[in-house]
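**Student:** File name model13.pdb; file contents PDB, C-alpha atoms, pLDDT in the B column; full text below.
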```pdb
ATOM      1  CA  MET W  62     -71.028  12.414  21.720  1.00 48.00           C
ATOM      2  CA  SER W  63     -71.861  13.114  25.362  1.00 58.00           C
ATOM      3  CA  ASP W  64     -74.754  10.622  25.330  1.00 82.00           C
ATOM      4  CA  MET W  65     -72.367   7.787  24.402  1.00 86.00           C
ATOM      5  CA  LYS W  66     -72.008   5.132  27.089  1.00 93.00           C
ATOM      6  CA  THR W  67     -68.599   5.336  28.798  1.00 95.00           C
ATOM      7  CA  PHE W  68     -66.673   2.472  30.395  1.00 96.00           C
ATOM      8  CA  THR W  69     -63.349   2.382  32.173  1.00 96.00           C
ATOM      9  CA  VAL W  70     -60.427   0.169  31.216  1.00 95.00           C
ATOM     10  CA  ARG W  71     -61.070  -1.783  34.427  1.00 96.00           C
ATOM     11  CA  GLU W  72     -64.666  -2.490  33.344  1.00 95.00           C
ATOM     12  CA  LEU W  73     -63.413  -3.582  29.937  1.00 94.00           C
ATOM     13  CA  ASP W  74     -60.932  -5.927  31.618  1.00 95.00           C
ATOM     14  CA  ARG W  75     -63.384  -7.404  34.123  1.00 96.00           C
ATOM     15  CA  GLN W  76     -66.590  -7.418  32.072  1.00 95.00           C
ATOM     16  CA  PRO W  77     -65.702  -7.450  28.376  1.00 95.00           C
ATOM     17  CA  ALA W  78     -69.018  -9.041  27.387  1.00 96.00           C
ATOM     18  CA  ALA W  79     -70.972  -6.206  29.023  1.00 95.00           C
ATOM     19  CA  VAL W  80     -68.905  -3.608  27.139  1.00 95.00           C
ATOM     20  CA  LEU W  81     -69.331  -5.411  23.821  1.00 94.00           C
ATOM     21  CA  ASP W  82     -73.061  -5.940  24.405  1.00 95.00           C
ATOM     22  CA  ALA W  83     -73.425  -2.214  25.063  1.00 95.00           C
ATOM     23  CA  ALA W  84     -71.520  -1.486  21.851  1.00 94.00           C
ATOM     24  CA  ASP W  85     -73.911  -3.751  19.967  1.00 91.00           C
ATOM     25  CA  LYS W  86     -76.914  -2.038  21.520  1.00 92.00           C
ATOM     26  CA  GLU W  87     -75.701   1.575  21.331  1.00 92.00           C
ATOM     27  CA  GLY W  88     -73.645   1.336  18.150  1.00 91.00           C
ATOM     28  CA  MET W  89     -70.496   2.669  19.839  1.00 94.00           C
ATOM     29  CA  VAL W  90     -69.121   2.963  23.366  1.00 96.00           C
ATOM     30  CA  ARG W  91     -66.280   4.957  24.853  1.00 96.00           C
ATOM     31  CA  ILE W  92     -63.410   3.490  26.898  1.00 96.00           C
ATOM     32  CA  LYS W  93     -61.708   5.972  29.210  1.00 96.00           C
ATOM     33  CA  ARG W  94     -58.253   5.607  30.756  1.00 95.00           C
ATOM     34  CA  ARG W  95     -57.161   7.132  34.055  1.00 94.00           C
ATOM     35  CA  ASP W  96     -55.032   9.728  32.292  1.00 95.00           C
ATOM     36  CA  GLY W  97     -58.078  10.988  30.389  1.00 94.00           C
ATOM     37  CA  ARG W  98     -57.419   9.440  26.994  1.00 96.00           C
ATOM     38  CA  THR W  99     -60.527   7.963  25.427  1.00 96.00           C
ATOM     39  CA  TYR W 100     -61.113   5.304  22.792  1.00 96.00           C
ATOM     40  CA  ALA W 101     -64.179   4.290  20.852  1.00 95.00           C
ATOM     41  CA  VAL W 102     -65.312   0.697  20.379  1.00 94.00           C
ATOM     42  CA  GLN W 103     -67.899  -0.087  17.752  1.00 94.00           C
ATOM     43  CA  PRO W 104     -69.110  -3.322  16.168  1.00 92.00           C
ATOM     44  CA  ILE W 105     -68.178  -4.065  12.583  1.00 90.00           C
ATOM     45  CA  ALA W 106     -71.106  -4.726  10.285  1.00 82.00           C
ATOM     46  CA  VAL W 107     -71.098  -8.282   8.962  1.00 79.00           C
ATOM     47  CA  ALA W 108     -72.492  -9.222   5.581  1.00 77.00           C
ATOM     48  CA  GLY W 109     -75.786 -11.071   5.767  1.00 81.00           C
ATOM     49  CA  LYS W 110     -76.067 -14.803   5.659  1.00 81.00           C
ATOM     50  CA  ILE W 111     -76.575 -16.593   2.376  1.00 81.00           C
ATOM     51  CA  THR W 112     -80.278 -17.315   2.130  1.00 83.00           C
ATOM     52  CA  ALA W 113     -80.471 -18.780  -1.362  1.00 88.00           C
ATOM     53  CA  LEU W 114     -78.103 -20.636  -3.635  1.00 89.00           C
ATOM     54  CA  PRO W 115     -78.085 -20.573  -7.431  1.00 91.00           C
ATOM     55  CA  ASP W 116     -79.690 -23.447  -9.309  1.00 93.00           C
ATOM     56  CA  PHE W 117     -76.565 -25.503 -10.009  1.00 92.00           C
ATOM     57  CA  ALA W 118     -78.490 -28.221 -11.851  1.00 91.00           C
ATOM     58  CA  ALA W 119     -79.855 -25.653 -14.308  1.00 92.00           C
ATOM     59  CA  ARG W 120     -76.367 -24.227 -14.830  1.00 92.00           C
ATOM     60  CA  ARG W 121     -74.951 -27.695 -15.497  1.00 89.00           C
ATOM     61  CA  LYS W 122     -77.746 -28.444 -17.995  1.00 89.00           C
ATOM     62  CA  ALA W 123     -77.059 -25.162 -19.769  1.00 91.00           C
ATOM     63  CA  ILE W 124     -73.356 -25.948 -20.100  1.00 90.00           C
ATOM     64  CA  PHE W 125     -73.726 -29.684 -20.822  1.00 86.00           C
ATOM     65  CA  PRO W 126     -77.117 -30.156 -22.493  1.00 86.00           C
ATOM     66  CA  ARG W 127     -76.477 -33.839 -23.335  1.00 87.00           C
ATOM     67  CA  MET W 128     -74.911 -36.639 -21.314  1.00 84.00           C
ATOM     68  CA  ILE W 129     -71.565 -37.989 -22.540  1.00 86.00           C
ATOM     69  CA  PRO W 130     -72.001 -41.542 -23.900  1.00 89.00           C
ATOM     70  CA  ALA W 131     -70.514 -44.319 -21.755  1.00 92.00           C
ATOM     71  CA  THR W 132     -68.163 -45.383 -24.554  1.00 92.00           C
ATOM     72  CA  GLN W 133     -66.592 -41.924 -24.646  1.00 91.00           C
ATOM     73  CA  VAL W 134     -66.333 -41.884 -20.845  1.00 90.00           C
ATOM     74  CA  ARG W 135     -64.426 -45.192 -20.901  1.00 92.00           C
ATOM     75  CA  LEU W 136     -62.158 -43.876 -23.661  1.00 92.00           C
ATOM     76  CA  ALA W 137     -61.429 -40.698 -21.679  1.00 92.00           C
ATOM     77  CA  ASP W 138     -60.686 -42.794 -18.567  1.00 93.00           C
ATOM     78  CA  LYS W 139     -58.186 -44.881 -20.544  1.00 92.00           C
ATOM     79  CA  LEU W 140     -56.499 -41.775 -21.919  1.00 93.00           C
ATOM     80  CA  ILE W 141     -56.200 -40.309 -18.441  1.00 94.00           C
ATOM     81  CA  ALA W 142     -54.793 -43.577 -17.083  1.00 93.00           C
ATOM     82  CA  GLY W 143     -52.228 -43.637 -19.900  1.00 87.00           C
ATOM     83  CA  GLU W 144     -53.417 -46.867 -21.456  1.00 78.00           C
TER      84      GLU W 144
END
```
Rewrite the structure from the file as C-alpha coordinates, please.
**Tutor:**
Amino acid sequence: MSDMKTFTVRELDRQPAAVLDAADKEGMVRIKRRDGRTYAVQPIAVAGKITALPDFAARRKAIFPRMIPATQVRLADKLIAGE
(Lines of atoms letter the chains of each structure in order from A and count residues from 1; the text may use other names and numbers.)
(Lines give C-alpha, C1' and ligand atoms only; values in the text may rest on other atoms or scores of the structure.)
Protein backbone atom coordinates (compact mmCIF):
# COMPACT_ATOMS: atom_id res chain seq x y z
CA MET A 1 0.00 0.00 0.00
CA SER A 2 3.00 2.30 0.38
CA ASP A 3 3.58 2.42 -3.39
CA MET A 4 0.08 3.86 -3.93
CA LYS A 5 0.07 7.41 -5.29
CA THR A 6 -1.01 9.91 -2.62
CA PHE A 7 -2.76 13.24 -3.18
CA THR A 8 -3.90 15.91 -0.78
CA VAL A 9 -7.44 17.23 -0.51
CA ARG A 10 -6.15 20.50 -1.97
CA GLU A 11 -4.84 18.68 -5.05
CA LEU A 12 -8.17 16.90 -5.40
CA ASP A 13 -9.96 20.25 -5.21
CA ARG A 14 -7.68 22.08 -7.64
CA GLN A 15 -6.83 19.28 -10.08
CA PRO A 16 -9.56 16.64 -9.95
CA ALA A 17 -8.81 15.40 -13.47
CA ALA A 18 -5.18 14.68 -12.55
CA VAL A 19 -6.29 12.68 -9.49
CA LEU A 20 -8.85 10.71 -11.49
CA ASP A 21 -6.39 10.09 -14.34
CA ALA A 22 -3.90 8.73 -11.81
CA ALA A 23 -6.62 6.48 -10.38
CA ASP A 24 -7.32 5.18 -13.87
CA LYS A 25 -3.64 4.54 -14.48
CA GLU A 26 -2.70 3.12 -11.07
CA GLY A 27 -5.98 1.41 -10.23
CA MET A 28 -6.34 3.27 -6.92
CA VAL A 29 -5.03 6.47 -5.34
CA ARG A 30 -4.98 7.74 -1.79
CA ILE A 31 -6.37 11.11 -0.65
CA LYS A 32 -4.86 12.42 2.58
CA ARG A 33 -6.36 15.07 4.85
CA ARG A 34 -4.38 17.40 7.09
CA ASP A 35 -5.45 15.52 10.21
CA GLY A 36 -3.97 12.30 8.82
CA ARG A 37 -7.14 10.53 7.73
CA THR A 38 -6.81 8.85 4.36
CA TYR A 39 -9.30 7.78 1.72
CA ALA A 40 -8.98 5.59 -1.33
CA VAL A 41 -10.34 6.50 -4.75
CA GLN A 42 -10.61 3.82 -7.40
CA PRO A 43 -12.38 3.64 -10.75
CA ILE A 44 -15.43 1.44 -11.09
CA ALA A 45 -15.22 -1.15 -13.83
CA VAL A 46 -17.79 -0.54 -16.56
CA ALA A 47 -19.33 -3.32 -18.60
CA GLY A 48 -18.05 -3.48 -22.15
CA LYS A 49 -19.82 -1.91 -25.06
CA ILE A 50 -22.30 -3.89 -27.09
CA THR A 51 -20.44 -5.08 -30.16
CA ALA A 52 -23.08 -7.27 -31.77
CA LEU A 53 -26.85 -7.37 -31.78
CA PRO A 54 -29.03 -10.45 -32.18
CA ASP A 55 -30.54 -11.19 -35.58
CA PHE A 56 -33.98 -9.66 -35.03
CA ALA A 57 -35.19 -10.55 -38.52
CA ALA A 58 -34.45 -14.23 -37.89
CA ARG A 59 -36.26 -14.07 -34.55
CA ARG A 60 -39.30 -12.47 -36.18
CA LYS A 61 -39.34 -15.13 -38.92
CA ALA A 62 -39.16 -17.86 -36.29
CA ILE A 63 -42.11 -16.43 -34.39
CA PHE A 64 -44.18 -15.38 -37.43
CA PRO A 65 -43.22 -17.72 -40.28
CA ARG A 66 -45.97 -16.43 -42.61
CA MET A 67 -47.21 -12.92 -43.33
CA ILE A 68 -50.75 -12.07 -42.18
CA PRO A 69 -53.05 -11.65 -45.21
CA ALA A 70 -54.15 -8.08 -45.95
CA THR A 71 -57.82 -8.98 -45.46
CA GLN A 72 -57.13 -10.13 -41.90
CA VAL A 73 -55.07 -6.99 -41.23
CA ARG A 74 -57.99 -4.79 -42.34
CA LEU A 75 -60.38 -6.82 -40.18
CA ALA A 76 -58.10 -6.46 -37.14
CA ASP A 77 -57.82 -2.70 -37.78
CA LYS A 78 -61.62 -2.41 -37.83
CA LEU A 79 -61.93 -4.38 -34.60
CA ILE A 80 -59.37 -2.16 -32.92
CA ALA A 81 -61.13 0.98 -34.16
CA GLY A 82 -64.43 -0.34 -32.80
CA GLU A 83 -66.20 -0.50 -36.13
**Student:** Extract, using only C-alpha atoms, all DNA, RNA and protein residues at most 12 Å from W:Asp96, discarding same-chain residues fewer than 4 positions from it, and format them as a ChimeraX atom specification.
**Tutor:** /W:69-70,92
**Student:** Need the axis-aligned box for stretch 86-105 of chain W with 4 Å each side, so what are the centre and edges in Å to one decimal, as lines of an AutoDock Vina configuration file?
**Tutor:**
```
center_x = -66.0
center_y = 3.5
center_z = 23.3
size_x = 29.9
size_y = 23.1
size_z = 29.5
```
**Student:** Kindly resolve the PyMOL selection byres ((chain W and resi 89) around 12) on the present coordinates and return the residues as a list in words.
**Tutor:**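 Matching residues under the PyMOL selection byres ((chain W and resi 89) around 12) are Met62, Ser63, Asp64, Met65, Lys66, Thr67, Phe68, Val80, Leu81, Asp82, Ala83, Ala84, Asp85, Lys86, Glu87, Gly88, Val90, Arg91, Ile92, Tyr100, Ala101, Val102, Gln103, Pro104 and Ile105 of chain W.
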**Student:** What separation in Å, quoted to one decimal, exists between atom CA of W:Thr99 and atom CA of W:Ala78?
**Tutor:**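 Interatomic distance, atom CA of W:Thr99 to atom CA of W:Ala78: 19.1 Å.
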**Student:** Generate the coordinates of N, CA, C and O atoms for stretch 88-114 of chain W; report them as an mmCIF file, in the frame of the given file.
**Tutor:**
```cif
data_model
loop_
_atom_site.group_PDB
_atom_site.id
_atom_site.type_symbol
_atom_site.label_atom_id
_atom_site.label_comp_id
_atom_site.auth_asym_id
_atom_site.auth_seq_id
_atom_site.Cartn_x
_atom_site.Cartn_y
_atom_site.Cartn_z
ATOM 1 N N GLY W 88 -74.322 1.025 19.392
ATOM 2 C CA GLY W 88 -73.645 1.336 18.150
ATOM 3 C C GLY W 88 -72.189 1.701 18.359
ATOM 4 O O GLY W 88 -71.348 1.465 17.500
ATOM 5 N N MET W 89 -71.870 2.299 19.512
ATOM 6 C CA MET W 89 -70.496 2.669 19.839
ATOM 7 C C MET W 89 -70.437 2.983 21.326
ATOM 8 O O MET W 89 -71.379 3.540 21.886
ATOM 9 N N VAL W 90 -69.341 2.605 21.967
ATOM 10 C CA VAL W 90 -69.121 2.963 23.366
ATOM 11 C C VAL W 90 -67.742 3.581 23.498
ATOM 12 O O VAL W 90 -66.880 3.426 22.637
ATOM 13 N N ARG W 91 -67.544 4.286 24.594
ATOM 14 C CA ARG W 91 -66.280 4.957 24.853
ATOM 15 C C ARG W 91 -65.563 4.221 25.991
ATOM 16 O O ARG W 91 -66.185 3.832 26.977
ATOM 17 N N ILE W 92 -64.251 4.060 25.855
ATOM 18 C CA ILE W 92 -63.410 3.490 26.898
ATOM 19 C C ILE W 92 -62.494 4.610 27.369
ATOM 20 O O ILE W 92 -61.796 5.231 26.561
ATOM 21 N N LYS W 93 -62.484 4.859 28.677
ATOM 22 C CA LYS W 93 -61.708 5.972 29.210
ATOM 23 C C LYS W 93 -60.603 5.447 30.129
ATOM 24 O O LYS W 93 -60.842 4.604 30.987
ATOM 25 N N ARG W 94 -59.393 5.960 29.913
ATOM 26 C CA ARG W 94 -58.253 5.607 30.756
ATOM 27 C C ARG W 94 -58.135 6.605 31.905
ATOM 28 O O ARG W 94 -58.741 7.676 31.885
ATOM 29 N N ARG W 95 -57.347 6.253 32.895
ATOM 30 C CA ARG W 95 -57.161 7.132 34.055
ATOM 31 C C ARG W 95 -56.555 8.480 33.683
ATOM 32 O O ARG W 95 -56.873 9.501 34.289
ATOM 33 N N ASP W 96 -55.690 8.465 32.674
ATOM 34 C CA ASP W 96 -55.032 9.728 32.292
ATOM 35 C C ASP W 96 -55.905 10.604 31.407
ATOM 36 O O ASP W 96 -55.488 11.653 30.959
ATOM 37 N N GLY W 97 -57.132 10.168 31.137
ATOM 38 C CA GLY W 97 -58.078 10.988 30.389
ATOM 39 C C GLY W 97 -58.212 10.638 28.919
ATOM 40 O O GLY W 97 -59.125 11.124 28.254
ATOM 41 N N ARG W 98 -57.302 9.819 28.393
ATOM 42 C CA ARG W 98 -57.419 9.440 26.994
ATOM 43 C C ARG W 98 -58.651 8.559 26.815
ATOM 44 O O ARG W 98 -58.975 7.741 27.676
ATOM 45 N N THR W 99 -59.322 8.745 25.695
ATOM 46 C CA THR W 99 -60.527 7.963 25.427
ATOM 47 C C THR W 99 -60.400 7.250 24.087
ATOM 48 O O THR W 99 -59.703 7.705 23.181
ATOM 49 N N TYR W 100 -61.110 6.133 23.997
ATOM 50 C CA TYR W 100 -61.113 5.304 22.792
ATOM 51 C C TYR W 100 -62.560 4.941 22.494
ATOM 52 O O TYR W 100 -63.391 4.869 23.397
ATOM 53 N N ALA W 101 -62.839 4.693 21.255
ATOM 54 C CA ALA W 101 -64.179 4.290 20.852
ATOM 55 C C ALA W 101 -64.153 2.837 20.391
ATOM 56 O O ALA W 101 -63.230 2.410 19.690
ATOM 57 N N VAL W 102 -65.157 2.087 20.801
ATOM 58 C CA VAL W 102 -65.312 0.697 20.379
ATOM 59 C C VAL W 102 -66.663 0.597 19.689
ATOM 60 O O VAL W 102 -67.686 0.992 20.254
ATOM 61 N N GLN W 103 -66.638 0.082 18.470
ATOM 62 C CA GLN W 103 -67.899 -0.087 17.752
ATOM 63 C C GLN W 103 -67.883 -1.421 17.026
ATOM 64 O O GLN W 103 -66.829 -1.887 16.598
ATOM 65 N N PRO W 104 -69.044 -2.048 16.890
ATOM 66 C CA PRO W 104 -69.110 -3.322 16.168
ATOM 67 C C PRO W 104 -68.930 -3.102 14.674
ATOM 68 O O PRO W 104 -69.281 -2.059 14.126
ATOM 69 N N ILE W 105 -68.361 -4.103 14.029
ATOM 70 C CA ILE W 105 -68.178 -4.065 12.583
ATOM 71 C C ILE W 105 -69.372 -4.770 11.947
ATOM 72 O O ILE W 105 -69.723 -5.883 12.344
ATOM 73 N N ALA W 106 -69.960 -4.134 10.966
ATOM 74 C CA ALA W 106 -71.106 -4.726 10.285
ATOM 75 C C ALA W 106 -70.660 -5.953 9.505
ATOM 76 O O ALA W 106 -69.658 -5.934 8.799
ATOM 77 N N VAL W 107 -71.407 -7.024 9.639
ATOM 78 C CA VAL W 107 -71.098 -8.282 8.962
ATOM 79 C C VAL W 107 -72.101 -8.480 7.839
ATOM 80 O O VAL W 107 -73.290 -8.202 7.993
ATOM 81 N N ALA W 108 -71.597 -8.947 6.700
ATOM 82 C CA ALA W 108 -72.492 -9.222 5.581
ATOM 83 C C ALA W 108 -73.530 -10.255 5.988
ATOM 84 O O ALA W 108 -73.248 -11.148 6.787
ATOM 85 N N GLY W 109 -74.702 -10.149 5.428
ATOM 86 C CA GLY W 109 -75.786 -11.071 5.767
ATOM 87 C C GLY W 109 -75.486 -12.500 5.372
ATOM 88 O O GLY W 109 -74.610 -12.786 4.565
ATOM 89 N N LYS W 110 -76.228 -13.387 5.967
ATOM 90 C CA LYS W 110 -76.067 -14.803 5.659
ATOM 91 C C LYS W 110 -76.617 -15.106 4.271
ATOM 92 O O LYS W 110 -77.512 -14.431 3.778
ATOM 93 N N ILE W 111 -76.081 -16.157 3.680
ATOM 94 C CA ILE W 111 -76.575 -16.593 2.376
ATOM 95 C C ILE W 111 -77.934 -17.259 2.601
ATOM 96 O O ILE W 111 -78.045 -18.204 3.391
ATOM 97 N N THR W 112 -78.937 -16.758 1.940
ATOM 98 C CA THR W 112 -80.278 -17.315 2.130
ATOM 99 C C THR W 112 -80.714 -18.175 0.959
ATOM 100 O O THR W 112 -81.626 -18.978 1.100
ATOM 101 N N ALA W 113 -80.088 -17.987 -0.197
ATOM 102 C CA ALA W 113 -80.471 -18.780 -1.362
ATOM 103 C C ALA W 113 -79.232 -19.066 -2.205
ATOM 104 O O ALA W 113 -78.341 -18.235 -2.311
ATOM 105 N N LEU W 114 -79.201 -20.248 -2.755
ATOM 106 C CA LEU W 114 -78.103 -20.636 -3.635
ATOM 107 C C LEU W 114 -78.587 -20.674 -5.079
ATOM 108 O O LEU W 114 -79.773 -20.894 -5.332
#
```
